[in-house]
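Printed here is model-v3.pdb (PDB, C-alpha atoms):
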```
ATOM      1  CA  MET A  20       0.000   0.000   0.000
ATOM      2  CA  GLY A  21       0.984   3.570  -0.430
ATOM      3  CA  THR A  22      -0.218   7.101  -0.843
ATOM      4  CA  MET A  23       0.172   9.964  -3.263
ATOM      5  CA  PHE A  24       1.513  13.314  -2.178
ATOM      6  CA  THR A  25       1.428  16.495  -4.238
ATOM      7  CA  GLY A  26       2.461  20.070  -3.780
ATOM      8  CA  SER A  27       4.589  22.732  -5.389
ATOM      9  CA  ASP A  28       7.783  24.616  -4.779
ATOM     10  CA  LYS A  29      10.043  26.906  -6.830
ATOM     11  CA  THR A  30      10.396  24.150  -9.469
ATOM     12  CA  GLY A  31       6.607  23.792  -9.927
ATOM     13  CA  ALA A  32       4.052  21.140  -9.023
ATOM     14  CA  SER A  33       5.223  17.629  -8.154
ATOM     15  CA  LEU A  34       3.572  14.277  -7.580
ATOM     16  CA  TYR A  35       5.074  11.515  -5.431
ATOM     17  CA  TYR A  36       4.139   7.950  -4.559
ATOM     18  CA  ILE A  37       5.170   6.997  -1.022
ATOM     19  CA  ASP A  38       4.949   3.330  -0.048
ATOM     20  CA  ASN A  39       4.683   1.732   3.380
ATOM     21  CA  ASP A  40       8.505   1.490   3.623
ATOM     22  CA  ALA A  41       8.836   5.266   3.018
ATOM     23  CA  THR A  42      10.212   4.812  -0.497
ATOM     24  CA  ARG A  43       9.426   7.954  -2.464
ATOM     25  CA  LEU A  44       9.024   7.961  -6.229
ATOM     26  CA  ARG A  45       8.454  11.109  -8.268
ATOM     27  CA  GLY A  46       6.269  10.699 -11.352
ATOM     28  CA  LYS A  47       3.592  12.045 -13.641
ATOM     29  CA  LEU A  48       0.776   9.671 -12.617
ATOM     30  CA  PHE A  49       0.149   7.019  -9.999
ATOM     31  CA  ALA A  50      -2.675   4.775  -8.878
ATOM     32  CA  VAL A  51      -2.600   3.558  -5.287
ATOM     33  CA  GLY A  52      -4.671   1.259  -3.135
ATOM     34  CA  SER A  53      -6.475  -1.995  -3.769
ATOM     35  CA  GLY A  54      -8.272  -0.625  -6.849
ATOM     36  CA  GLY A  55      -5.077   0.787  -8.347
ATOM     37  CA  THR A  56      -4.696  -1.977 -10.924
ATOM     38  CA  PHE A  57      -8.106  -1.101 -12.382
ATOM     39  CA  ALA A  58      -7.161   2.586 -12.528
ATOM     40  CA  TYR A  59      -3.820   1.773 -14.191
ATOM     41  CA  GLY A  60      -5.684  -0.101 -16.930
ATOM     42  CA  VAL A  61      -7.546   3.087 -17.809
ATOM     43  CA  LEU A  62      -4.502   5.331 -17.375
ATOM     44  CA  ASP A  63      -2.138   3.126 -19.412
ATOM     45  CA  THR A  64      -4.649   3.006 -22.258
ATOM     46  CA  ASN A  65      -5.593   6.688 -22.405
ATOM     47  CA  TYR A  66      -2.883   8.895 -20.831
ATOM     48  CA  ARG A  67      -0.982  11.319 -23.080
ATOM     49  CA  TYR A  68       1.663  13.767 -21.886
ATOM     50  CA  ASP A  69       0.043  16.645 -23.805
ATOM     51  CA  MET A  70      -3.478  16.399 -22.356
ATOM     52  CA  THR A  71      -5.529  19.509 -21.698
ATOM     53  CA  LEU A  72      -6.855  20.087 -18.185
ATOM     54  CA  ASP A  73     -10.335  19.023 -19.328
ATOM     55  CA  GLU A  74      -8.993  15.798 -20.877
ATOM     56  CA  ALA A  75      -6.957  15.041 -17.750
ATOM     57  CA  VAL A  76      -9.970  15.612 -15.495
ATOM     58  CA  LYS A  77     -12.127  13.288 -17.620
ATOM     59  CA  LEU A  78      -9.386  10.638 -17.589
ATOM     60  CA  GLY A  79      -9.016  10.971 -13.812
ATOM     61  CA  ILE A  80     -12.748  10.542 -13.334
ATOM     62  CA  ARG A  81     -12.754   7.486 -15.577
ATOM     63  CA  ALA A  82      -9.747   5.890 -13.832
ATOM     64  CA  ILE A  83     -11.026   6.529 -10.301
ATOM     65  CA  SER A  84     -14.538   5.386 -11.120
ATOM     66  CA  SER A  85     -13.199   2.193 -12.687
ATOM     67  CA  ALA A  86     -11.172   1.475  -9.559
ATOM     68  CA  THR A  87     -13.950   2.255  -7.125
ATOM     69  CA  PHE A  88     -16.691   0.432  -9.039
ATOM     70  CA  LYS A  89     -14.664  -2.754  -9.545
ATOM     71  CA  ASP A  90     -13.066  -2.862  -6.085
ATOM     72  CA  SER A  91     -15.431  -2.816  -3.131
ATOM     73  CA  ALA A  92     -12.731  -1.563  -0.745
ATOM     74  CA  SER A  93     -12.011   1.554  -2.807
ATOM     75  CA  GLY A  94     -14.952   3.735  -1.884
ATOM     76  CA  GLY A  95     -17.852   5.029  -3.898
ATOM     77  CA  VAL A  96     -17.213   8.627  -4.944
ATOM     78  CA  VAL A  97     -14.808  10.573  -7.154
ATOM     79  CA  ARG A  98     -13.115  13.781  -6.044
ATOM     80  CA  ILE A  99     -10.876  15.698  -8.447
ATOM     81  CA  TYR A 100      -8.480  18.500  -7.499
ATOM     82  CA  HIS A 101      -6.191  20.481  -9.773
ATOM     83  CA  VAL A 102      -2.885  21.501  -8.180
ATOM     84  CA  THR A 103      -1.303  24.373 -10.078
ATOM     85  CA  ASN A 104       2.392  25.176 -10.422
ATOM     86  CA  ASN A 105       2.002  28.004  -7.889
ATOM     87  CA  GLY A 106       0.536  25.671  -5.252
ATOM     88  CA  THR A 107      -3.143  26.526  -5.597
ATOM     89  CA  TRP A 108      -5.553  23.620  -5.033
ATOM     90  CA  ASN A 109      -8.746  23.904  -7.068
ATOM     91  CA  LEU A 110     -11.626  21.549  -6.377
ATOM     92  CA  ILE A 111     -12.924  20.453  -9.789
ATOM     93  CA  HIS A 112     -15.440  17.773  -8.736
ATOM     94  CA  ASP A 113     -16.580  16.605  -5.315
ATOM     95  CA  GLN A 114     -18.396  13.378  -4.510
ATOM     96  CA  ILE A 115     -19.475  12.160  -7.953
ATOM     97  CA  ASP A 116     -21.351   8.885  -7.376
ATOM     98  CA  VAL A 117     -19.429   6.007  -8.995
ATOM     99  CA  SER A 118     -22.519   3.864  -9.584
ATOM    100  CA  GLU A 119     -24.075   6.576 -11.716
ATOM    101  CA  LEU A 120     -20.817   7.078 -13.633
ATOM    102  CA  HIS A 121     -20.521   3.365 -14.413
ATOM    103  CA  TYR A 122     -23.921   3.236 -16.051
ATOM    104  CA  ASP A 123     -23.297   6.506 -17.918
ATOM    105  CA  PHE A 124     -20.020   5.103 -19.320
ATOM    106  CA  GLU A 125     -21.723   1.864 -20.383
ATOM    107  CA  ILE A 126     -24.631   3.657 -22.056
ATOM    108  CA  ASN A 127     -22.172   5.861 -23.978
ATOM    109  CA  LYS A 128     -20.524   2.665 -25.287
ATOM    110  CA  GLY A 129     -23.901   1.407 -26.464
ATOM    111  CA  HIS A 130     -24.252  -1.053 -23.580
ATOM    112  CA  ARG A 131     -26.962  -1.327 -20.996
ATOM    113  CA  GLY A 132     -24.364  -1.628 -18.246
ATOM    114  CA  ASP A 133     -26.287  -4.173 -16.230
ATOM    115  CA  GLY A 134     -24.642  -7.308 -17.605
ATOM    116  CA  ARG A 135     -27.561  -8.280 -19.836
ATOM    117  CA  GLU A 136     -26.124  -7.135 -23.167
ATOM    118  CA  GLY A 137     -27.046  -8.410 -26.602
ATOM    119  CA  SER A 138     -29.969 -10.441 -27.799
ATOM    120  CA  LYS A 139     -32.467 -12.525 -25.889
ATOM    121  CA  PRO A 140     -31.233 -15.863 -24.530
ATOM    122  CA  SER A 141     -31.761 -18.789 -26.929
ATOM    123  CA  TYR A 142     -34.210 -20.482 -24.550
ATOM    124  CA  LEU A 143     -36.816 -17.709 -24.963
TER     125      LEU A 143
END
```

Let's see the structure in the file written out as structure tokens.
Amino acid sequence: MGTMFTGSDKTGASLYYIDNDATRLRGKLFAVGSGGTFAYGVLDTNYRYDMTLDEAVKLGIRAISSATFKDSASGGVVRIYHVTNNGTWNLIHDQIDVSELHYDFEINKGHRGDGREGSKPSYL
């Protein structure tokens, strides 16, 4: 397990992963906790270094909602903050319900999102 830590100094904003042994890794993106592998699947597929703030926020929402929906120990809401290079923390989204997001994502893909996709079963 680990945690993410962010802040800024004279060099700009920074993001660190700190594990339970106090190892610190600086990076551009991290996913931590029991749902982290689900979030990494979304991040590895969609992250680009030249994303706009809006694209990054949407990707963050998608990654966090994937982790929290698929892992029962990860919580049930998404909160997004933007940390600027001068150290300002801006709340972008607070407490978006993951269950609602999951079904919205599935509907946008043309799915029902309830596991009953496709045609009627052959026995009907």

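Interatomic distance, CA of Leu48 in chain A against CA of Leu78 in chain A: 11.4 Å.
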
Ranking A:Thr71, A:Thr25, A:Thr30, A:Asn65 by minimum distance to Lys47 in chain A and counting all atoms listed in the file, which one comes first?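 Smallest separation from Lys47 in chain A among the options: A:Thr25.
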
Kindly list the centre and edge lengths in Å, rounded to one decimal, for the axis-aligned box that covers all listed atoms of range 53-70 of chain A plus 3 Å on each of its six sides, as lines of an AutoDock Vina configuration file.
```
center_x = -3.3
center_y = 7.3
center_z = -13.8
size_x = 15.9
size_y = 24.6
size_z = 26.0
```

Out of A:Met23, A:Ala86, A:Leu120, A:Ala58, which residue has the shortest atom-to-atom distance to Thr42 in chain A when counting all atoms listed in the file?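 Among the listed residues, A:Met23 lies closest to Thr42 in chain A.
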
Please, what distance in Å, to one decimal, runs between CA of His112 in chain A and CA of Lys77 in chain A?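 Pair CA of His112 in chain A / CA of Lys77 in chain A returns 10.5 Å.
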
Give me, as number ranges by chain, all polymer residues having an atom no more than 10 Å from Val51 in chain A, counting only C-alpha atoms and skipping those fewer than 5 positions away in the same chain. A: 20-23, 36-38, 56, 58-59, 86, 93

Evaluate the PyMOL selection byres ((chain A and resi 118) around 10) on the structure here and hand back the selected residues as an MDAnalysis selection string. chainID A and resid 84:85 87:88 95:96 115:117 119:123

Given the PyMOL selection byres ((chain A and resi 99) around 12) and the file above, list the residues it selects as an NGL selection string. :A and (72-73 or 75-84 or 96-98 or 100-102 or 108-115)

To one decimal place in Å, what is the distance between CA of Ala92 in chain A and CA of Phe124 in chain A?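 These two atoms are separated by 21.0 Å.
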
With distances taken over only C-alpha atoms, which residue among A:Gly106, A:Glu125, A:Ser91, A:His130 lies nearest Phe57 in chain A?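 So, comparing all the options, the nearest one is A:Ser91.
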
Can you turn the PyMOL selection byres ((chain A and resi 27) around 8) into a concrete residue list for this file, as number ranges by chain? A: 25-26, 28-33, 103-106

Just the selected residues (C-alpha atoms), exported as a PDB file, keeping the file's coordinate frame, please.
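File written: part_10.pdb
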```
ATOM      1  CA  THR A  25       1.428  16.495  -4.238  1.00  0.00           C
ATOM      2  CA  GLY A  26       2.461  20.070  -3.780  1.00  0.00           C
ATOM      3  CA  ASP A  28       7.783  24.616  -4.779  1.00  0.00           C
ATOM      4  CA  LYS A  29      10.043  26.906  -6.830  1.00  0.00           C
ATOM      5  CA  THR A  30      10.396  24.150  -9.469  1.00  0.00           C
ATOM      6  CA  GLY A  31       6.607  23.792  -9.927  1.00  0.00           C
ATOM      7  CA  ALA A  32       4.052  21.140  -9.023  1.00  0.00           C
ATOM      8  CA  SER A  33       5.223  17.629  -8.154  1.00  0.00           C
ATOM      9  CA  THR A 103      -1.303  24.373 -10.078  1.00  0.00           C
ATOM     10  CA  ASN A 104       2.392  25.176 -10.422  1.00  0.00           C
ATOM     11  CA  ASN A 105       2.002  28.004  -7.889  1.00  0.00           C
ATOM     12  CA  GLY A 106       0.536  25.671  -5.252  1.00  0.00           C
TER      13      GLY A 106
END
```
